[in-house]
file my_file.pdb (PDB, C-alpha atoms)
ATOM      1  CA  MET A   1      69.337  11.829 -47.801
ATOM      2  CA  GLY A   2      68.140  14.451 -50.272
ATOM      3  CA  PRO A   3      69.634  17.946 -50.599
ATOM      4  CA  ALA A   4      68.547  20.787 -48.335
ATOM      5  CA  GLY A   5      65.383  22.659 -49.165
ATOM      6  CA  GLY A   6      63.216  19.708 -50.165
ATOM      7  CA  GLN A   7      59.445  20.157 -50.076
ATOM      8  CA  ALA A   8      56.455  17.829 -50.359
ATOM      9  CA  PHE A   9      53.063  18.611 -51.876
ATOM     10  CA  TRP A  10      49.698  16.896 -52.046
ATOM     11  CA  LEU A  11      48.162  16.876 -55.519
ATOM     12  CA  ARG A  12      44.838  15.808 -56.994
ATOM     13  CA  ALA A  13      44.632  14.041 -60.318
ATOM     14  CA  LYS A  14      41.775  14.986 -62.624
ATOM     15  CA  ASP A  15      39.739  12.008 -61.386
ATOM     16  CA  GLY A  16      40.154  13.007 -57.734
ATOM     17  CA  ILE A  17      42.923  10.589 -56.696
ATOM     18  CA  ARG A  18      45.297  12.142 -54.165
ATOM     19  CA  LEU A  19      48.996  11.997 -55.064
ATOM     20  CA  ARG A  20      52.200  13.135 -53.394
ATOM     21  CA  MET A  21      55.098  14.968 -54.982
ATOM     22  CA  GLY A  22      58.557  15.812 -53.639
ATOM     23  CA  ILE A  23      60.761  18.608 -54.981
ATOM     24  CA  TRP A  24      64.432  19.313 -54.297
ATOM     25  CA  PRO A  25      66.138  22.474 -55.572
ATOM     26  CA  ALA A  26      69.567  22.794 -57.091
ATOM     27  CA  PRO A  27      72.021  24.635 -54.790
ATOM     28  CA  ASP A  28      72.681  27.494 -57.214
ATOM     29  CA  GLN A  29      71.275  28.490 -60.599
ATOM     30  CA  ALA A  30      69.589  25.379 -61.956
ATOM     31  CA  LYS A  31      70.282  24.107 -65.440
ATOM     32  CA  GLY A  32      66.775  22.657 -65.462
ATOM     33  CA  THR A  33      64.516  20.240 -63.597
ATOM     34  CA  VAL A  34      64.631  16.443 -63.691
ATOM     35  CA  PHE A  35      61.211  14.805 -63.435
ATOM     36  CA  LEU A  36      62.071  11.438 -61.890
ATOM     37  CA  LEU A  37      59.211   8.999 -62.511
ATOM     38  CA  PRO A  38      59.569   6.002 -60.162
ATOM     39  CA  GLY A  39      58.752   2.379 -60.760
ATOM     40  CA  ARG A  40      56.053   0.210 -59.246
ATOM     41  CA  THR A  41      56.240  -0.089 -55.421
ATOM     42  CA  GLU A  42      58.405   3.036 -55.109
ATOM     43  CA  TYR A  43      57.934   6.353 -53.301
ATOM     44  CA  VAL A  44      59.376   9.851 -53.113
ATOM     45  CA  GLU A  45      61.841   9.262 -50.241
ATOM     46  CA  LYS A  46      63.630   6.521 -52.139
ATOM     47  CA  TYR A  47      64.979   9.107 -54.562
ATOM     48  CA  GLY A  48      66.449  11.598 -52.110
ATOM     49  CA  PRO A  49      69.977  10.398 -52.975
ATOM     50  CA  SER A  50      69.185  10.825 -56.670
ATOM     51  CA  ALA A  51      68.065  14.389 -55.995
ATOM     52  CA  ARG A  52      71.335  15.040 -54.191
ATOM     53  CA  ALA A  53      73.302  13.609 -57.129
ATOM     54  CA  PHE A  54      71.438  15.752 -59.635
ATOM     55  CA  ALA A  55      71.776  18.845 -57.427
ATOM     56  CA  GLN A  56      75.541  18.299 -57.428
ATOM     57  CA  ARG A  57      75.329  18.306 -61.221
ATOM     58  CA  GLY A  58      73.265  21.481 -61.344
ATOM     59  CA  TYR A  59      69.689  20.198 -61.576
ATOM     60  CA  ALA A  60      66.558  20.544 -59.493
ATOM     61  CA  MET A  61      64.563  17.310 -59.225
ATOM     62  CA  LEU A  62      61.091  16.097 -58.394
ATOM     63  CA  ALA A  63      59.587  12.665 -57.775
ATOM     64  CA  VAL A  64      56.024  11.430 -57.377
ATOM     65  CA  ASP A  65      54.028   8.831 -55.494
ATOM     66  CA  TRP A  66      51.844   7.315 -58.227
ATOM     67  CA  ARG A  67      48.266   6.344 -57.456
ATOM     68  CA  GLY A  68      48.155   3.099 -55.511
ATOM     69  CA  GLN A  69      51.613   3.410 -53.961
ATOM     70  CA  GLY A  70      53.727   5.454 -51.588
ATOM     71  CA  LEU A  71      51.488   7.782 -49.587
ATOM     72  CA  ALA A  72      49.159   8.405 -52.523
ATOM     73  CA  ASP A  73      45.611   7.044 -52.390
ATOM     74  CA  ARG A  74      45.447   3.262 -52.521
ATOM     75  CA  LEU A  75      42.864   1.961 -54.967
ATOM     76  CA  ILE A  76      41.534  -1.287 -53.490
ATOM     77  CA  PRO A  77      40.725  -2.480 -49.951
ATOM     78  CA  ASP A  78      44.001  -4.418 -49.700
ATOM     79  CA  PRO A  79      46.468  -1.511 -49.397
ATOM     80  CA  VAL A  80      49.640  -3.495 -50.070
ATOM     81  CA  LYS A  81      48.448  -5.015 -53.342
ATOM     82  CA  GLY A  82      49.538  -3.096 -56.428
ATOM     83  CA  HIS A  83      46.638  -2.131 -58.668
ATOM     84  CA  VAL A  84      45.506   0.310 -61.320
ATOM     85  CA  VAL A  85      42.146   0.447 -63.086
ATOM     86  CA  ASN A  86      43.604   1.518 -66.431
ATOM     87  CA  PHE A  87      47.296   1.982 -67.133
ATOM     88  CA  LEU A  88      46.519   5.274 -68.853
ATOM     89  CA  ASP A  89      45.353   6.596 -65.474
ATOM     90  CA  TYR A  90      49.020   7.148 -64.672
ATOM     91  CA  GLN A  91      48.968   9.857 -67.344
ATOM     92  CA  LEU A  92      46.456  11.722 -65.177
ATOM     93  CA  ASP A  93      49.009  11.559 -62.364
ATOM     94  CA  LEU A  94      51.758  12.899 -64.615
ATOM     95  CA  ASP A  95      49.443  15.669 -65.809
ATOM     96  CA  ALA A  96      48.902  16.704 -62.175
ATOM     97  CA  VAL A  97      52.655  16.720 -61.543
ATOM     98  CA  ILE A  98      53.252  18.866 -64.617
ATOM     99  CA  ALA A  99      50.520  21.295 -63.564
ATOM    100  CA  GLN A 100      52.113  21.661 -60.117
ATOM    101  CA  ALA A 101      55.551  22.141 -61.661
ATOM    102  CA  GLN A 102      54.117  24.884 -63.855
ATOM    103  CA  ALA A 103      52.421  26.534 -60.876
ATOM    104  CA  LEU A 104      55.717  26.497 -58.966
ATOM    105  CA  ASN A 105      57.613  27.766 -62.007
ATOM    106  CA  LEU A 106      60.243  25.041 -61.668
ATOM    107  CA  PRO A 107      63.425  25.757 -63.628
ATOM    108  CA  LYS A 108      63.360  24.913 -67.325
ATOM    109  CA  PRO A 109      64.206  23.145 -69.535
ATOM    110  CA  TRP A 110      62.488  20.095 -68.119
ATOM    111  CA  VAL A 111      63.902  16.625 -68.648
ATOM    112  CA  VAL A 112      62.458  13.279 -67.620
ATOM    113  CA  LEU A 113      64.043  10.175 -66.082
ATOM    114  CA  GLY A 114      61.826   7.112 -65.889
ATOM    115  CA  HIS A 115      62.686   3.989 -63.928
ATOM    116  CA  SER A 116      60.976   0.673 -64.737
ATOM    117  CA  MET A 117      57.209   1.329 -64.779
ATOM    118  CA  GLY A 118      57.970   5.043 -64.712
ATOM    119  CA  ALA A 119      59.783   4.654 -68.023
ATOM    120  CA  ALA A 120      56.634   3.300 -69.674
ATOM    121  CA  ILE A 121      54.634   6.203 -68.249
ATOM    122  CA  ALA A 122      57.273   8.644 -69.491
ATOM    123  CA  LEU A 123      57.393   7.087 -72.955
ATOM    124  CA  ARG A 124      53.621   7.397 -73.367
ATOM    125  CA  HIS A 125      53.891  11.114 -72.621
ATOM    126  CA  LEU A 126      56.942  11.571 -74.841
ATOM    127  CA  VAL A 127      55.271  10.090 -77.923
ATOM    128  CA  THR A 128      52.015  11.988 -77.497
ATOM    129  CA  GLN A 129      52.385  15.415 -75.879
ATOM    130  CA  SER A 130      55.882  15.924 -74.567
ATOM    131  CA  LEU A 131      56.868  18.992 -72.580
ATOM    132  CA  PHE A 132      60.355  17.559 -72.034
ATOM    133  CA  SER A 133      63.561  18.457 -73.849
ATOM    134  CA  ALA A 134      65.467  15.205 -73.190
ATOM    135  CA  CYS A 135      64.914  11.864 -71.492
ATOM    136  CA  ALA A 136      66.662   9.031 -69.696
ATOM    137  CA  PHE A 137      65.592   5.552 -68.649
ATOM    138  CA  SER A 138      66.747   3.075 -66.023
ATOM    139  CA  GLY A 139      65.706  -0.570 -66.386
ATOM    140  CA  PRO A 140      62.734   0.558 -68.500
ATOM    141  CA  MET A 141      59.569  -1.524 -68.484
ATOM    142  CA  PHE A 142      58.983  -1.407 -72.221
ATOM    143  CA  GLY A 143      57.776  -4.997 -71.964
ATOM    144  CA  VAL A 144      56.599  -7.185 -69.076
ATOM    145  CA  GLU A 145      58.802 -10.235 -68.585
ATOM    146  CA  VAL A 146      56.973 -13.557 -68.309
ATOM    147  CA  PRO A 147      58.140 -17.194 -68.314
ATOM    148  CA  PRO A 148      59.373 -18.187 -71.798
ATOM    149  CA  ILE A 149      56.552 -20.695 -72.277
ATOM    150  CA  LEU A 150      54.009 -17.858 -71.921
ATOM    151  CA  ARG A 151      55.644 -15.303 -74.208
ATOM    152  CA  PRO A 152      53.778 -16.358 -77.375
ATOM    153  CA  VAL A 153      50.419 -15.934 -75.610
ATOM    154  CA  ARG A 154      51.336 -13.132 -73.189
ATOM    155  CA  SER A 155      49.191 -10.515 -74.901
ATOM    156  CA  LEU A 156      46.246 -12.868 -75.387
ATOM    157  CA  ILE A 157      46.230 -13.811 -71.704
ATOM    158  CA  ALA A 158      46.392 -10.126 -70.754
ATOM    159  CA  LEU A 159      43.466  -9.301 -73.030
ATOM    160  CA  VAL A 160      41.356 -12.110 -71.577
ATOM    161  CA  LEU A 161      42.162 -10.991 -68.027
ATOM    162  CA  GLN A 162      41.246  -7.419 -68.883
ATOM    163  CA  LYS A 163      37.927  -8.449 -70.436
ATOM    164  CA  CYS A 164      37.069 -10.577 -67.393
ATOM    165  CA  GLY A 165      36.958  -7.476 -65.230
ATOM    166  CA  PRO A 166      39.401  -6.589 -62.466
ATOM    167  CA  VAL A 167      41.038  -9.853 -61.391
ATOM    168  CA  LEU A 168      42.428  -8.812 -58.028
ATOM    169  CA  PHE A 169      44.300 -11.867 -56.799
ATOM    170  CA  TYR A 170      48.071 -12.181 -57.000
ATOM    171  CA  PRO A 171      49.775 -13.885 -59.960
ATOM    172  CA  PRO A 172      51.814 -17.011 -59.131
ATOM    173  CA  GLY A 173      54.963 -16.170 -57.202
ATOM    174  CA  MET A 174      53.622 -12.870 -55.873
ATOM    175  CA  THR A 175      52.835 -12.452 -52.191
ATOM    176  CA  HIS A 176      51.447 -10.038 -49.597
ATOM    177  CA  THR A 177      54.952  -9.107 -48.398
ATOM    178  CA  PRO A 178      57.031  -6.372 -50.100
ATOM    179  CA  TYR A 179      59.926  -7.774 -52.112
ATOM    180  CA  VAL A 180      62.701  -6.165 -50.057
ATOM    181  CA  MET A 181      61.215  -7.635 -46.863
ATOM    182  CA  ARG A 182      60.551 -11.058 -48.362
ATOM    183  CA  VAL A 183      63.754 -12.162 -50.068
ATOM    184  CA  PRO A 184      67.315 -12.278 -48.714
ATOM    185  CA  PHE A 185      69.890  -9.794 -49.951
ATOM    186  CA  THR A 186      71.941 -12.532 -51.583
ATOM    187  CA  GLY A 187      70.392 -13.309 -54.935
ATOM    188  CA  ASN A 188      67.896 -10.440 -54.962
ATOM    189  CA  ARG A 189      67.071  -8.955 -58.370
ATOM    190  CA  LEU A 190      67.270  -5.262 -57.484
ATOM    191  CA  THR A 191      70.760  -4.371 -56.254
ATOM    192  CA  LYS A 192      74.123  -5.797 -55.269
ATOM    193  CA  ASP A 193      74.730  -3.023 -52.743
ATOM    194  CA  ARG A 194      73.877  -4.248 -49.248
ATOM    195  CA  GLU A 195      73.838  -0.772 -47.713
ATOM    196  CA  MET A 196      71.194   0.434 -50.183
ATOM    197  CA  TRP A 197      69.206  -2.786 -49.723
ATOM    198  CA  GLU A 198      69.091  -2.323 -45.956
ATOM    199  CA  TRP A 199      68.284   1.373 -46.415
ATOM    200  CA  MET A 200      65.206   0.418 -48.463
ATOM    201  CA  GLN A 201      64.181  -2.070 -45.779
ATOM    202  CA  ASP A 202      64.541   0.624 -43.105
ATOM    203  CA  HIS A 203      62.113   2.857 -44.999
ATOM    204  CA  LEU A 204      59.366   0.260 -44.727
ATOM    205  CA  ARG A 205      60.111  -0.475 -41.076
ATOM    206  CA  GLN A 206      59.953   3.210 -40.182
ATOM    207  CA  GLU A 207      56.917   4.023 -42.349
ATOM    208  CA  PRO A 208      54.830   0.886 -43.068
ATOM    209  CA  GLY A 209      52.411   3.042 -45.073
ATOM    210  CA  LEU A 210      54.972   3.140 -47.877
ATOM    211  CA  ALA A 211      54.886  -0.633 -48.329
ATOM    212  CA  LEU A 212      53.604  -2.231 -51.522
ATOM    213  CA  ALA A 213      53.771  -5.925 -52.337
ATOM    214  CA  GLY A 214      52.901  -7.841 -55.491
ATOM    215  CA  PRO A 215      50.545  -6.520 -58.183
ATOM    216  CA  SER A 216      47.076  -7.750 -58.970
ATOM    217  CA  PHE A 217      46.550  -9.855 -62.083
ATOM    218  CA  HIS A 218      44.659  -6.857 -63.470
ATOM    219  CA  TRP A 219      47.691  -4.582 -63.027
ATOM    220  CA  VAL A 220      49.849  -7.094 -64.893
ATOM    221  CA  ALA A 221      47.338  -7.317 -67.739
ATOM    222  CA  GLU A 222      47.111  -3.536 -68.004
ATOM    223  CA  ALA A 223      50.914  -3.237 -68.043
ATOM    224  CA  ILE A 224      51.322  -5.869 -70.768
ATOM    225  CA  LEU A 225      48.732  -4.251 -73.015
ATOM    226  CA  GLU A 226      50.171  -0.762 -72.537
ATOM    227  CA  CYS A 227      53.660  -2.012 -73.393
ATOM    228  CA  ASP A 228      52.238  -3.660 -76.514
ATOM    229  CA  ARG A 229      50.687  -0.355 -77.570
ATOM    230  CA  LEU A 230      53.892   1.553 -76.923
ATOM    231  CA  ALA A 231      55.933  -0.957 -78.930
ATOM    232  CA  LYS A 232      54.010   0.070 -82.047
ATOM    233  CA  MET A 233      54.798   3.771 -81.621
ATOM    234  CA  PRO A 234      57.885   5.484 -83.056
ATOM    235  CA  SER A 235      60.498   6.929 -80.753
ATOM    236  CA  PRO A 236      60.345  10.689 -80.208
ATOM    237  CA  ASN A 237      62.980  12.974 -81.649
ATOM    238  CA  LEU A 238      64.653  13.734 -78.318
ATOM    239  CA  PRO A 239      68.119  13.141 -76.845
ATOM    240  CA  CYS A 240      67.979   9.901 -74.866
ATOM    241  CA  TYR A 241      70.142   7.962 -72.420
ATOM    242  CA  CYS A 242      69.144   4.449 -71.363
ATOM    243  CA  ALA A 243      70.812   2.037 -68.945
ATOM    244  CA  VAL A 244      70.062  -1.669 -68.551
ATOM    245  CA  GLY A 245      72.387  -3.597 -66.256
ATOM    246  CA  THR A 246      74.209  -6.663 -67.510
ATOM    247  CA  ASP A 247      72.543  -8.660 -64.706
ATOM    248  CA  GLU A 248      69.010  -7.317 -65.289
ATOM    249  CA  ARG A 249      66.393 -10.037 -64.596
ATOM    250  CA  ILE A 250      63.090  -8.197 -64.270
ATOM    251  CA  ILE A 251      62.205  -6.422 -67.512
ATOM    252  CA  ASP A 252      61.777  -7.674 -71.091
ATOM    253  CA  ILE A 253      65.239  -6.760 -72.403
ATOM    254  CA  PRO A 254      64.556  -7.531 -76.106
ATOM    255  CA  ARG A 255      61.817  -4.876 -76.067
ATOM    256  CA  VAL A 256      64.330  -2.326 -74.753
ATOM    257  CA  ASP A 257      66.949  -3.434 -77.281
ATOM    258  CA  ASP A 258      64.477  -2.919 -80.106
ATOM    259  CA  ARG A 259      63.394   0.501 -78.844
ATOM    260  CA  MET A 260      66.962   1.734 -78.483
ATOM    261  CA  ALA A 261      67.972   0.332 -81.884
ATOM    262  CA  HIS A 262      65.285   2.507 -83.467
ATOM    263  CA  TRP A 263      65.889   5.665 -81.415
ATOM    264  CA  PRO A 264      68.205   7.877 -83.485
ATOM    265  CA  GLY A 265      71.146   9.125 -81.479
ATOM    266  CA  ALA A 266      70.169   7.337 -78.267
ATOM    267  CA  ILE A 267      72.959   6.285 -75.906
ATOM    268  CA  TYR A 268      72.389   2.747 -74.623
ATOM    269  CA  ALA A 269      74.566   1.750 -71.662
ATOM    270  CA  HIS A 270      74.979  -1.623 -69.958
ATOM    271  CA  PRO A 271      76.416  -1.073 -66.463
ATOM    272  CA  LYS A 272      78.545  -4.089 -65.604
ATOM    273  CA  LEU A 273      77.050  -6.408 -62.957
ATOM    274  CA  ALA A 274      74.153  -4.018 -62.321
ATOM    275  CA  GLU A 275      70.737  -5.453 -61.495
ATOM    276  CA  HIS A 276      67.392  -3.729 -62.066
ATOM    277  CA  GLU A 277      67.951  -0.665 -59.873
ATOM    278  CA  VAL A 278      71.194   0.979 -60.908
ATOM    279  CA  MET A 279      70.256   4.087 -58.885
ATOM    280  CA  MET A 280      70.186   1.854 -55.786
ATOM    281  CA  ASP A 281      73.510   0.150 -56.479
ATOM    282  CA  ASN A 282      77.060   1.034 -55.429
ATOM    283  CA  THR A 283      78.416   4.560 -55.704
ATOM    284  CA  VAL A 284      80.531   3.792 -58.783
ATOM    285  CA  LEU A 285      77.529   2.538 -60.755
ATOM    286  CA  ARG A 286      75.284   5.301 -59.462
ATOM    287  CA  ASP A 287      77.729   8.068 -60.337
ATOM    288  CA  ALA A 288      78.321   6.634 -63.801
ATOM    289  CA  PHE A 289      74.579   6.547 -64.394
ATOM    290  CA  TYR A 290      74.006  10.126 -63.232
ATOM    291  CA  ASP A 291      76.968  11.297 -65.299
ATOM    292  CA  GLY A 292      75.484   9.559 -68.343
ATOM    293  CA  CYS A 293      72.099  11.173 -67.779
ATOM    294  CA  THR A 294      73.464  14.657 -67.246
ATOM    295  CA  ALA A 295      75.791  14.418 -70.245
ATOM    296  CA  VAL A 296      72.638  14.040 -72.347
ATOM    297  CA  PHE A 297      70.611  16.564 -70.353
ATOM    298  CA  ASP A 298      73.415  19.130 -70.612
ATOM    299  CA  THR A 299      73.032  19.158 -74.399
ATOM    300  CA  VAL A 300      69.668  20.906 -73.995
ATOM    301  CA  CYS A 301      69.999  22.612 -70.584
ATOM    302  CA  GLN A 302      71.901  25.689 -69.482
ATOM    303  CA  PRO A 303      71.798  27.539 -66.147
ATOM    304  CA  GLU A 304      69.082  30.163 -65.887
ATOM    305  CA  LEU A 305      70.399  33.740 -65.765
TER     306      LEU A 305
END
call {"tool": "encode", "arguments": {"input": "my_file.pdb", "output": "structure tokens"}}
result
Amino acid sequence: MGPAGGQAFWLRAKDGIRLRMGIWPAPDQAKGTVFLLPGRTEYVEKYGPSARAFAQRGYAMLAVDWRGQGLADRLIPDPVKGHVVNFLDYQLDLDAVIAQAQALNLPKPWVVLGHSMGAAIALRHLVTQSLFSACAFSGPMFGVEVPPILRPVRSLIALVLQKCGPVLFYPPGMTHTPYVMRVPFTGNRLTKDREMWEWMQDHLRQEPGLALAGPSFHWVAEAILECDRLAKMPSPNLPCYCAVGTDERIIDIPRVDDRMAHWPGAIYAHPKLAEHEVMMDNTVLRDAFYDGCTAVFDTVCQPEL
């Protein structure tokens, strides 16, 4: 469902982990390149429609299979369990993507769009060594949502789990079956668009190697501690667009609210009735989101001559 001319590449992170990257060109002179950084469980093919939407708006786009998901190297013997040794390892993946983009001379300026976990990975880069001229976020994982009774001790539990070594079993409520194959469409926490829901299911039926289920306890601990570190860092001085649906039930919304309240000039949108994955919702919500992103990106990007 992506635009014509898409290509896939195998990459190696600095520590030897094999990654996969997909690139789609803009049809004419590109204004720039969108680095779309997916969330946990996701994969390059899922963002073909996003690439098409950005191409229609004048942008090339790339997406990546992070370590441990998609067709990238899995990290533990159980291939469907989400895991990472250290959350900062994802920065090695992003470094490899950037190096490949430089080698391919992808159109500049470069802008970044992070969804969920990908937003946390993007934010880490933006506050430390950014090569991007603007950014956007969808359902950003700036905090890991836990039951209210655990919120006061969330960070302490994560620290204990981290110090205990890699705890590889699933947290309560997580299973060995990918979310989109485990729960019914009605009441799911990702999208209200049945066609997109069934499209995501079809991906896993056609290519079971893309499947990823729940995360390990260690992944959760690493994510919590990274979000805690990021919460203490100031926002970068970059144009920013962020969307959190009014029906969002997955991320820690107060963390996002606080980040956006302290990001000068940021545009903070709340798509009505949208769940966690606004880019996988109906065409009206999707188009509004892409228009919001490109309105911000266009302030720093012009077609190459």
call {"tool": "residues_around", "arguments": {"input": "my_file.pdb", "residues": "A:Ser138", "least_positions_apart": "6", "cutoff": "10 Å", "atoms": "all atoms listed in the file", "output": "number ranges by chain"}}
result
A: 38-39, 113-119, 241-245, 269, 276-279, 289, 293
call {"tool": "resolve_selection", "arguments": {"input": "my_file.pdb", "expression": "the PyMOL selection byres ((chain A and resi 127-130) around 8)", "output": "ChimeraX atom specification"}}
result
/A:123-126,131-132,233-236
call {"tool": "closest_residue", "arguments": {"input": "my_file.pdb", "among": "A:Asp65, A:Asp73, A:Asp193, A:Asp93", "to": "A:Met280", "atoms": "only C-alpha atoms"}}
result
A:Asp193
call {"tool": "residues_around", "arguments": {"input": "my_file.pdb", "residues": "A:Val300", "least_positions_apart": "5", "cutoff": "12 Å", "atoms": "all atoms listed in the file", "output": "list in words"}}
result
Lys31, Gly32, Thr33, Lys108, Pro109, Trp110, Val111, Phe132, Ser133, Ala134, Cys135, Leu238, Pro239, Cys240, Cys293, Thr294 and Ala295 of chain A
call {"tool": "axis_aligned_box", "arguments": {"input": "my_file.pdb", "around": "stretch 252-261 of chain A", "padding_each_side": "8 Å", "output": "AutoDock Vina command-line options"}}
result
--center_x 64.9 --center_y -3.0 --center_z -76.5 --size_x 22.2 --size_y 25.4 --size_z 26.8
call {"tool": "residues_around", "arguments": {"input": "my_file.pdb", "residues": "stretch 24-27 of chain A", "least_positions_apart": "2", "cutoff": "6 Å", "atoms": "all atoms listed in the file", "output": "list in words"}}
result
Gly6, Ala30, Ala55, Gly58, Tyr59, Ala60 and Met61 of chain A
call {"tool": "atom_distance", "arguments": {"input": "my_file.pdb", "atom1": "atom CA of A:Ala103", "atom2": "atom CA of A:Arg18"}}
result
17.4 Å
call {"tool": "resolve_selection", "arguments": {"input": "my_file.pdb", "expression": "the PyMOL selection byres ((chain A and resi 50) around 9)", "output": "ChimeraX atom specification"}}
result
/A:1-2,36,46-49,51-55,61,279,286,290
call {"tool": "residues_around", "arguments": {"input": "my_file.pdb", "residues": "stretch 246-263 of chain A", "least_positions_apart": "2", "cutoff": "6 Å", "atoms": "only C-alpha atoms", "output": "list of chain:residue names"}}
result
A:Met141, A:Phe142, A:Gly143, A:Val144, A:Glu145, A:Ser235, A:Ala266, A:His270, A:Lys272, A:Leu273, A:Ala274, A:Glu275, A:His276
call {"tool": "resolve_selection", "arguments": {"input": "my_file.pdb", "expression": "the PyMOL selection byres ((chain A and resi 17) around 9)", "output": "list in words"}}
result
Leu11, Arg12, Ala13, Lys14, Asp15, Gly16, Arg18, Leu19, Arg67, Ala72, Asp73, Arg74, Leu75 and Asp93 of chain A
